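Asks: Input: one structure, supplied below.
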Number of protein chains: 2
Amino acid sequence: MCGPRLKALFDAGRLQPPSQAPGTDEPISRRRLLQMGAVTGVGASVLAATGSSAAAAGRPAARGRRGVVDLTYRLTTDFPTFFGDDAGGARSTLNDFATDGFYIQQWQFQEQWGTHVDAPGHFGPDAWKVDQIPARNLVAPLAVVDISARAAVDANATVEVDDLIAYERGRGRIPDRAFVAMNSGWAAKRDLGNDVYRGGAGFPDLNFPGFGLDAAQWLIEKRDVVGIGVDTLSLDPGNSADFAVHFGFLPTNRYGVENLANLDEVPARGATVIVGAVPWQDGSGGPGRVLALT
Amino acid sequence: MCGPRLKALFDAGRLQPPSQAPGTDEPISRRRLLQMGAVTGVGASVLAATGSSAAAAGRPAARGRRGVVDLTYRLTTDFPTFFGDDAGGARSTLNDFATDGFYIQQWQFQEQWGTHVDAPGHFGPDAWKVDQIPARNLVAPLAVVDISARAAVDANATVEVDDLIAYERGRGRIPDRAFVAMNSGWAAKRDLGNDVYRGGAGFPDLNFPGFGLDAAQWLIEKRDVVGIGVDTLSLDPGNSADFAVHFGFLPTNRYGVENLANLDEVPARGATVIVGAVPWQDGSGGPGRVLALT
């Protein structure tokens with residue numbers, strides 16, 4: 001792809017990094033970069049805490065009292081897959097510093113991988129693909145329904161209508177245009193290996209919590225939601241034989257998000273979720289960045 | 001990948017869509033899906049305007065008076081590339097409705113493609129890869145600096161220190177931890193073909209606006225920014241021979257975003273940008289979803 005051609009120009013002396021930083025009389029040195037806020041590997045956290053650059057140092061955002069909680073897992077090539085091959089995606093280096101002077105990777109992946117969006121069109125032939133979901137549907141009040149106590153004793157526990165009713169008791173009605181996320185406590189299993197997170201070797205050997213169809217239907221008919229999300233591999237529980245929520249919920253032009261992280265770190269009510277769905281052309285969904293503003 | 005195995009289970013009758021929607025006595029019909037808010041192709045906009053489901057109908061978000069502006073181009077396989085091959089990514093269908101009962105695509109792409117993040121590590125060997133950028137740096141006050149008048153007469157116009165000083169006159173100081181975007185009016189060229197947007201056939205035949213190194217350096221040293229963005233293919237102008245801004249700005253652990261859309265639709269000051277950078281493992285950056293809250 002692009003590497004060889006740019007490399008040829010570097011080699012021909014056509015392209016060179018600037019020999020000196022503006023306003024200095026010495027080449028950009030590692031020390032200079034550090035002064036400007038650059039950090040390295042292990043040093044990153046140290047400099048993040050002590051560096052003189054507020055941006056690099058990670059001072060709390062100036063935009064208000066809001067915090068940002070990352071609901072997205074790092075998209076690593078060993079990310080557990082539904083089917084157990086753990087081959088959802090692969091990467092290779094296209095350009096590297098030694099050869100080209102800069103760095104780019106290339107990727108190959110299937111859309112249902114990592115912390116990802118299930119577009120309505122994943123199971124609804126006539127429903128929105130990921131690039132058709134209106135941007136305003138990607139910013140939503142976040143309601144987190146915790147079923148972790150039940151999930152601790154039943155790996156295939158599901159969000160039920162009673163959970164939604166109980167959620168609203170004391171917290172008030174689920175806001176209009178909300179995004180409702182299940183917190184089953186499954187994030188704690190991510191560090192224990194892919195088979196533990198998956199609850200088995202891969203489809204159909206799967207055991208993890210999900211939404212029940214009645215609850216999904218209740219959210220469609222009794223409330224007004226833009227989407228639902230889970231901290232597991234699928235909107236349906238691991239032992240589902242019929243993908244009932246995929247078939248029943250998505251074709252209504254409401255989307256799903258799977259493999260949400262850090263739901264323990266957001267309040268049950270009051271945060272705003274930003275579902276950064278990449279608008280992959282005609283995508284069934286795909287990896288995205290999901291953040292919560294608390 | 002996963003298709004054949006799931007298909008086999010469908011074929012074996014192991015997996016079936018639910019035969020009926022809960023609470024109804026008939027199979028899920030197209031009519032029923034429409035009642036629930038599903039929409040199709042051209043019908044989408046009609047139902048979006050008139051449908052009974054507020055979520056599908058796209059009522060203004062209930063979370064406040066805020067609007068959401070999409071700063072992201074649809075990621076189509078013909079998206080213009082810096083190198084002119086227009087082969088930044090390719091897709092194929094992994095599962096389709098006719099064969100498998102559901103739909104998934106697979107993709108191959110290089111990270112510097114579409115509306116995408118330039119991670120600090122794209123040009124800084126020791127700087128943050130995309131999965132190391134702190135989440136809080138991805139939510140920032142958005143400052144839009146308009147140089148479109150100058151860009152209309154000079155395709156390789158650059159944001160200069162004077163533009164930043166002029167921006168602050170009347171609007172006040174660029175907020176701490178801001179993201180500063182250049183609006184050069186280049187979005188209008190996206191509909192005119194890839195060569196028009198690129199200002200040439202591809203590197204080194206390129207002509208489009210970007211940041212000047214002095215301005216980038218001023219933002220590093222005199223202000224406190226988390227990143228900069230452009231409505232063109234590169235942080236540096238098209239005729240740059242040295243990638244000065246890539247080499248001078250990114251290694252300071254500040255990120256870039258290229259190919260921003262719709263900057264005309266956000267205020268020069270006062271919006272918040274959410275840079276939905278997918279945390280690709282060790283990524284030099286990569287496609288993401290960039291939204292502005294106005």
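FYI, nothing fancy with the structure tokens labels: chains A, B, ... in order, residues from 1 per chain, ligands from 1 as they appear.
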Name all residues at most 6 Å from Asp118 of chain A (count only C-alpha atoms; drop same-chain ones fewer than 4 positions away) and give them as JSON, numbers by chain.

Replies: {"A": [255, 256, 257, 285]}

Asks: Skip segment 263-275 of chain A itself and residues of its chain fewer than 2 positions away, then list as a list of chain:residue names all residues within 8 Å of it, counting only C-alpha atoms.

Replies: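 Result of the neighbour search: A:Val69, A:Leu71, A:Leu138, A:Val139, A:Ala140, A:Pro141, A:Leu142, A:Ala143, A:Val144, A:Val145, A:Arg171, A:Phe179, A:Asn183, A:Gly185, A:Asp231, A:Leu260, A:Ala261, A:Ala277, A:Gly288, A:Arg289, A:Val290, A:Leu291, A:Ala292, A:Leu293, A:Thr294, B:Ile274, B:Gly276.
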
Asks: List the spatial neighbours of Val225 of chain B as a list of chain:residue names - criterion: any atom at most 7 Å away, only C-alpha atoms, same-chain residues fewer than 6 positions off excluded.

Replies: A:Ala55, B:Asp176, B:Arg177, B:Ala178, B:Phe179, B:Leu219

Asks: Would you output that residue set with all heavy atoms, as a CSV table (one decimal), in the first residue's frame?

Replies:
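Final output, again_27.csv:
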```csv
chain,number,residue,atom,x,y,z
A,55,ALA,N,-2.1,19.0,29.4
A,55,ALA,CA,-2.8,18.1,28.6
A,55,ALA,C,-2.2,16.7,28.7
A,55,ALA,O,-2.9,15.7,29.0
A,55,ALA,CB,-2.7,18.5,27.1
B,176,ASP,N,-8.4,25.6,28.2
B,176,ASP,CA,-7.5,24.5,28.6
B,176,ASP,C,-8.0,23.2,28.1
B,176,ASP,O,-9.2,22.9,28.1
B,176,ASP,CB,-7.3,24.5,30.1
B,176,ASP,CG,-6.3,25.5,30.6
B,176,ASP,OD1,-5.8,26.2,29.7
B,176,ASP,OD2,-6.1,25.6,31.8
B,177,ARG,N,-7.1,22.3,27.7
B,177,ARG,CA,-7.4,21.0,27.2
B,177,ARG,C,-8.4,21.0,26.0
B,177,ARG,O,-9.2,20.1,25.8
B,177,ARG,CB,-8.0,20.1,28.4
B,177,ARG,CG,-7.0,19.9,29.5
B,177,ARG,CD,-7.5,19.1,30.6
B,177,ARG,NE,-7.9,17.8,30.2
B,177,ARG,CZ,-7.0,16.8,29.9
B,177,ARG,NH1,-5.8,17.0,30.0
B,177,ARG,NH2,-7.5,15.6,29.4
B,178,ALA,N,-8.2,22.0,25.2
B,178,ALA,CA,-9.1,22.1,24.0
B,178,ALA,C,-8.6,21.2,22.9
B,178,ALA,O,-7.5,20.7,22.9
B,178,ALA,CB,-9.1,23.6,23.5
B,179,PHE,N,-9.5,21.0,21.9
B,179,PHE,CA,-9.2,20.4,20.7
B,179,PHE,C,-9.4,21.5,19.6
B,179,PHE,O,-10.5,22.1,19.5
B,179,PHE,CB,-10.1,19.2,20.4
B,179,PHE,CG,-9.9,18.5,19.1
B,179,PHE,CD1,-8.9,17.5,18.9
B,179,PHE,CD2,-10.6,18.9,18.0
B,179,PHE,CE1,-8.7,16.9,17.7
B,179,PHE,CE2,-10.5,18.3,16.7
B,179,PHE,CZ,-9.5,17.3,16.6
B,219,LEU,N,0.5,26.3,19.9
B,219,LEU,CA,-0.5,25.6,20.7
B,219,LEU,C,0.1,24.7,21.8
B,219,LEU,O,-0.5,24.6,22.9
B,219,LEU,CB,-1.4,24.8,19.8
B,219,LEU,CG,-2.4,25.6,18.9
B,219,LEU,CD1,-3.1,24.8,17.9
B,219,LEU,CD2,-3.4,26.4,19.8
```

Asks: Let me make sure I understand: among A:Trp113, A:Phe102, A:Phe208, A:Trp218, which one has the smallest atom-to-atom distance to chain B if we use only C-alpha atoms?

Replies: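 Among the listed residues, the smallest separation from chain B belongs to A:Phe102.
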
Asks: Using only C-alpha atoms, pick whichever of A:Leu206, A:Val245, A:Ala135, A:Val226 has the shortest atom-to-atom distance to His122 of chain A.

Replies: A:Val245

Asks: Please identify which residues in segment 33-282 of chain B DSSP calls alpha helix (DSSP H) from the backbone, and express them as a PyMOL selection string.

Replies: chain B and resi 33-36+43-50+54-57+97-100+148-153+161-168+194-198+213-221+244-249

Asks: Using backbone DSSP assignments, extract all strand (DSSP E) residues from segment 122-246 of chain B; output them as a PyMOL selection string.

Replies: chain B and resi 139-146+158-159+178-183+210-211+225-230

Asks: In Å, how far is it from atom CA of Ile165 of chain A to atom CA of Ser184 of chain A?

Replies: 17.0 Å

Asks: Report, in Å with one decimal, the straight-line distance from atom CA of Pro209 of chain B to atom CA of Val230 of chain B.

Replies: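 Going from atom CA of Pro209 of chain B over to atom CA of Val230 of chain B, I get 8.3 Å.
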
Asks: Interatomic distance between atom CA of Gly170 of chain B and atom CA of Ile147 of chain B?

Replies: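 Straight-line distance from atom CA of Gly170 of chain B to atom CA of Ile147 of chain B works out to 16.7 Å.
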
Asks: Find the residue from B:Leu235, B:Met182, B:Ala166, B:Leu213 that sits nearest to chain A; use only C-alpha atoms when measuring.

Replies: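 For chain A, the nearest of the candidates is B:Leu213.
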
Asks: Excluding Ser284 of chain A and any residue of its chain fewer than 5 positions from it, enumerate the residues within 12 Å of it, using only C-alpha atoms, and give them as a PyMOL selection string.

Replies: (chain A and resi 110-113+116-133+250-251+255-257+277-279) or (chain B and resi 91-97+102-107)

Asks: Restricting the calculation to only C-alpha atoms, which member of A:Phe203, A:Tyr197, A:Trp186, A:Tyr167 is positioned closest to chain B?

Replies: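 Ranked by minimum distance to chain B, first place goes to A:Phe203.
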
Asks: Contacts of Asp86 of chain B at 12 Å or less, counting only C-alpha atoms, minus same-chain residues fewer than 4 places along, as a list in words?

Replies: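 Listing them by chain and then by number gives Met1 and Cys2 of chain A; Thr76, Thr77, Asp78, Phe79, Pro80, Thr81, Phe82, Ala90, Phe109, Gln110, Gln112, Trp113, Gly114, Gly193, Asn194, Asp195, Arg198, Ala201, Gly202 and Phe203 of chain B.
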
Asks: Kindly indicate which residue among B:Ala151, B:Leu192, B:Ile228, B:Ala98 lies nearest to Asn207 of chain B, using only C-alpha atoms for the distances.

Replies: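 For Asn207 of chain B, the nearest of the given residues is B:Ala151.
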
Asks: Here is a test: counting only C-alpha atoms, which residue of A:Arg136, A:Ala216, A:Gly84, A:Asp162 is nearest to chain B?

Replies: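 Looking at the shortest contact to chain B, the residue is A:Arg136.
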